[in-house]
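Asker: Starting off with a structure, shown below.
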Amino acid sequence: MKIAIINGPNLNLLGKREPEVYGNETFESFFETLKSKYHTLELSYFQSNIEGELIDKIQAVGFTYDGIILNAAAYTHTSVGIGDAVKAITTPVIEVHISNTFARETFRHQSFISPNAKGIIIGFGLKSYELALQSFL
């Protein structure tokens with residue numbers, strides 16, 4: 001089973017950025033733990049701060065992978081293009097967020113991804129990714 005994890009803007013700063021919201025662990029460290037724990041799966045990871053690169057990646061894996069775990073970060077609330085990319089592909093997408101977006105600013109309550117996602121997992125820290133991964137098993 002092939003699962004892609006795709007992260008959007010500023011998630012390259014995990015472990016440094018607002019540790020009270022996002023924790024102290026880098027995503028790379030967490031990803032290594034996931035790969036060890038789920039060694040029978042083919043996991044890939046991509047992060048970009050650039051909207052078009054995220055769309056390109058969604059399109060590149062969206063017809064051949066078994067699942068996508070997508071944390072589009074701030075683009076979740078602003079990018080019609082990423083929402084359209086999720087709608088256009090056949091691979092199921094789980095939208096994830098580290099923080100509880102509904103406990104934050106009102107603008108974070110809107111998602112252009114959710115209407116086309118298989119499911120949504122929010123507010124469980126990095127564990128949100130593992131919960132999404134388990135949904136594909």
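Ligands are numbered from 1 in the order shown, residues from 1 within each chain, and chains are lettered A, B, ... in the order they appear in the structure tokens.
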Tell me, which residues of range 11-128 of chain A carry DSSP alpha helix (DSSP H), written as a ChimeraX atom specification?
Answerer: /A:19-22,27-37,51-61,80-88,127-128
Asker: Once you have the residues from the selection above, write them out as a tab-separated table (two decimals), in the first residue's frame, restricted to N, CA, C and O atoms.
Answerer:
chain	number	residue	atom	x	y	z
A	19	PRO	N	5.67	25.99	19.67
A	19	PRO	CA	5.63	24.65	20.26
A	19	PRO	C	4.41	24.41	21.17
A	19	PRO	O	3.99	23.27	21.31
A	20	GLU	N	3.85	25.47	21.72
A	20	GLU	CA	2.65	25.30	22.54
A	20	GLU	C	1.44	24.87	21.71
A	20	GLU	O	0.51	24.25	22.22
A	21	VAL	N	1.47	25.13	20.42
A	21	VAL	CA	0.39	24.72	19.51
A	21	VAL	C	0.78	23.45	18.76
A	21	VAL	O	-0.01	22.52	18.63
A	22	TYR	N	2.03	23.41	18.25
A	22	TYR	CA	2.45	22.36	17.32
A	22	TYR	C	3.40	21.34	17.91
A	22	TYR	O	3.76	20.38	17.23
A	27	PHE	N	8.83	17.28	11.89
A	27	PHE	CA	8.06	16.31	11.12
A	27	PHE	C	8.95	15.19	10.62
A	27	PHE	O	8.52	14.04	10.57
A	28	GLU	N	10.17	15.51	10.27
A	28	GLU	CA	11.09	14.49	9.76
A	28	GLU	C	11.30	13.39	10.80
A	28	GLU	O	11.31	12.20	10.46
A	29	SER	N	11.47	13.78	12.05
A	29	SER	CA	11.63	12.80	13.14
A	29	SER	C	10.37	11.96	13.29
A	29	SER	O	10.43	10.73	13.41
A	30	PHE	N	9.24	12.62	13.29
A	30	PHE	CA	7.96	11.91	13.39
A	30	PHE	C	7.77	10.96	12.22
A	30	PHE	O	7.32	9.82	12.39
A	31	PHE	N	8.12	11.40	11.01
A	31	PHE	CA	7.97	10.57	9.82
A	31	PHE	C	8.83	9.31	9.91
A	31	PHE	O	8.39	8.22	9.52
A	32	GLU	N	10.03	9.42	10.42
A	32	GLU	CA	10.89	8.25	10.61
A	32	GLU	C	10.24	7.25	11.57
A	32	GLU	O	10.29	6.04	11.34
A	33	THR	N	9.61	7.75	12.62
A	33	THR	CA	8.90	6.88	13.56
A	33	THR	C	7.73	6.18	12.87
A	33	THR	O	7.53	4.97	13.06
A	34	LEU	N	6.98	6.93	12.06
A	34	LEU	CA	5.87	6.32	11.31
A	34	LEU	C	6.37	5.22	10.38
A	34	LEU	O	5.77	4.15	10.31
A	35	LYS	N	7.45	5.49	9.65
A	35	LYS	CA	7.99	4.49	8.72
A	35	LYS	C	8.43	3.23	9.47
A	35	LYS	O	8.22	2.12	8.97
A	36	SER	N	8.99	3.39	10.65
A	36	SER	CA	9.41	2.23	11.45
A	36	SER	C	8.21	1.43	11.92
A	36	SER	O	8.21	0.20	11.88
A	37	LYS	N	7.21	2.13	12.37
A	37	LYS	CA	6.02	1.48	12.93
A	37	LYS	C	5.18	0.80	11.84
A	37	LYS	O	4.58	-0.25	12.07
A	51	GLU	N	1.92	26.93	-3.12
A	51	GLU	CA	0.62	26.35	-3.47
A	51	GLU	C	0.67	25.49	-4.73
A	51	GLU	O	0.16	24.36	-4.74
A	52	GLY	N	1.26	25.99	-5.79
A	52	GLY	CA	1.32	25.25	-7.05
A	52	GLY	C	2.08	23.94	-6.93
A	52	GLY	O	1.72	22.94	-7.57
A	53	GLU	N	3.14	23.92	-6.13
A	53	GLU	CA	3.89	22.68	-5.93
A	53	GLU	C	3.04	21.64	-5.19
A	53	GLU	O	3.14	20.44	-5.49
A	54	LEU	N	2.21	22.09	-4.27
A	54	LEU	CA	1.31	21.16	-3.57
A	54	LEU	C	0.29	20.58	-4.54
A	54	LEU	O	0.02	19.38	-4.53
A	55	ILE	N	-0.26	21.43	-5.40
A	55	ILE	CA	-1.22	20.95	-6.42
A	55	ILE	C	-0.53	19.97	-7.36
A	55	ILE	O	-1.10	18.90	-7.67
A	56	ASP	N	0.68	20.29	-7.80
A	56	ASP	CA	1.41	19.37	-8.68
A	56	ASP	C	1.61	18.01	-8.02
A	56	ASP	O	1.45	16.96	-8.66
A	57	LYS	N	1.95	18.00	-6.74
A	57	LYS	CA	2.19	16.74	-6.03
A	57	LYS	C	0.89	15.96	-5.87
A	57	LYS	O	0.87	14.73	-6.07
A	58	ILE	N	-0.19	16.63	-5.53
A	58	ILE	CA	-1.49	15.96	-5.41
A	58	ILE	C	-1.85	15.31	-6.74
A	58	ILE	O	-2.29	14.15	-6.78
A	59	GLN	N	-1.65	16.02	-7.83
A	59	GLN	CA	-1.96	15.46	-9.15
A	59	GLN	C	-1.02	14.31	-9.51
A	59	GLN	O	-1.44	13.33	-10.12
A	60	ALA	N	0.24	14.41	-9.12
A	60	ALA	CA	1.23	13.38	-9.47
A	60	ALA	C	0.93	12.05	-8.79
A	60	ALA	O	1.17	10.99	-9.38
A	61	VAL	N	0.43	12.06	-7.57
A	61	VAL	CA	0.18	10.81	-6.85
A	61	VAL	C	-1.31	10.46	-6.79
A	61	VAL	O	-1.67	9.36	-6.37
A	80	VAL	N	-8.77	27.54	-3.33
A	80	VAL	CA	-9.75	26.84	-4.16
A	80	VAL	C	-9.02	25.84	-5.06
A	80	VAL	O	-9.51	24.75	-5.31
A	81	GLY	N	-7.81	26.22	-5.50
A	81	GLY	CA	-7.02	25.34	-6.38
A	81	GLY	C	-6.68	24.01	-5.75
A	81	GLY	O	-6.78	22.96	-6.39
A	82	ILE	N	-6.28	24.01	-4.48
A	82	ILE	CA	-5.98	22.74	-3.80
A	82	ILE	C	-7.27	21.95	-3.60
A	82	ILE	O	-7.29	20.74	-3.81
A	83	GLY	N	-8.34	22.62	-3.24
A	83	GLY	CA	-9.64	21.93	-3.13
A	83	GLY	C	-10.05	21.29	-4.44
A	83	GLY	O	-10.52	20.15	-4.47
A	84	ASP	N	-9.86	22.01	-5.54
A	84	ASP	CA	-10.19	21.46	-6.86
A	84	ASP	C	-9.29	20.28	-7.22
A	84	ASP	O	-9.75	19.31	-7.84
A	85	ALA	N	-8.01	20.34	-6.84
A	85	ALA	CA	-7.10	19.23	-7.12
A	85	ALA	C	-7.54	17.97	-6.38
A	85	ALA	O	-7.52	16.88	-6.95
A	86	VAL	N	-7.96	18.12	-5.14
A	86	VAL	CA	-8.46	16.97	-4.36
A	86	VAL	C	-9.71	16.40	-5.02
A	86	VAL	O	-9.88	15.18	-5.11
A	87	LYS	N	-10.57	17.27	-5.51
A	87	LYS	CA	-11.79	16.83	-6.18
A	87	LYS	C	-11.50	16.09	-7.49
A	87	LYS	O	-12.20	15.15	-7.87
A	88	ALA	N	-10.42	16.50	-8.18
A	88	ALA	CA	-10.11	15.97	-9.51
A	88	ALA	C	-9.49	14.58	-9.51
A	88	ALA	O	-9.53	13.89	-10.51
A	127	LYS	N	-0.26	12.98	16.15
A	127	LYS	CA	-1.05	11.74	16.15
A	127	LYS	C	-2.16	11.79	15.09
A	127	LYS	O	-2.60	10.75	14.61
A	128	SER	N	-2.56	12.99	14.67
A	128	SER	CA	-3.57	13.12	13.62
A	128	SER	C	-3.14	12.38	12.36
A	128	SER	O	-3.96	11.76	11.68
Asker: With a distance cut-off of 8 Å and only C-alpha atoms, select the neighbouring residues of range 4-11 of chain A, excluding the residue or stretch itself and same-chain residues fewer than 4 positions from it, and output the selection as a PyMOL selection string.
Answerer: chain A and resi 27+43-51+54+57-58+61+65+67-75
Asker: Any chance you could list, as a list in words, the residues in range 2-133 of chain A that come up strand (DSSP E or B) when DSSP is run on the backbone?
Answerer: Lys2, Ile3, Ala4, Ile5, Ile6, Asn7, Glu42, Leu43, Ser44, Tyr45, Phe46, Gln47, Gly67, Ile68, Ile69, Leu70, Asn71, Val93, Ile94, Glu95, Val96, His97, Gly119, Ile120, Ile121 and Ile122 of chain A
Asker: Considering only C-alpha atoms, state which residue in the set A:Ile122, A:Asn116, A:Ala132, A:Met1 is at the smallest distance from Glu42 in chain A.
Answerer: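 So, comparing all the options, the nearest one is A:Met1.
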Asker: For each of A:Leu137, A:Glu105, A:Ser99, A:His77, take the minimum atom-to-atom distance to Phe124 in chain A, counting only C-alpha atoms, then give the residue where this is smallest.
Answerer: A:Ser99
Asker: Need to verify the contact set: Leu126 in chain A, 8 Å, only C-alpha atoms, exclusion of same-chain residues closer than 3 positions in sequence. Can you return it as a list in words?
Answerer: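 Residues near the query, excluding close chain neighbours: Phe30, Ile98, Tyr129 and Glu130 of chain A.
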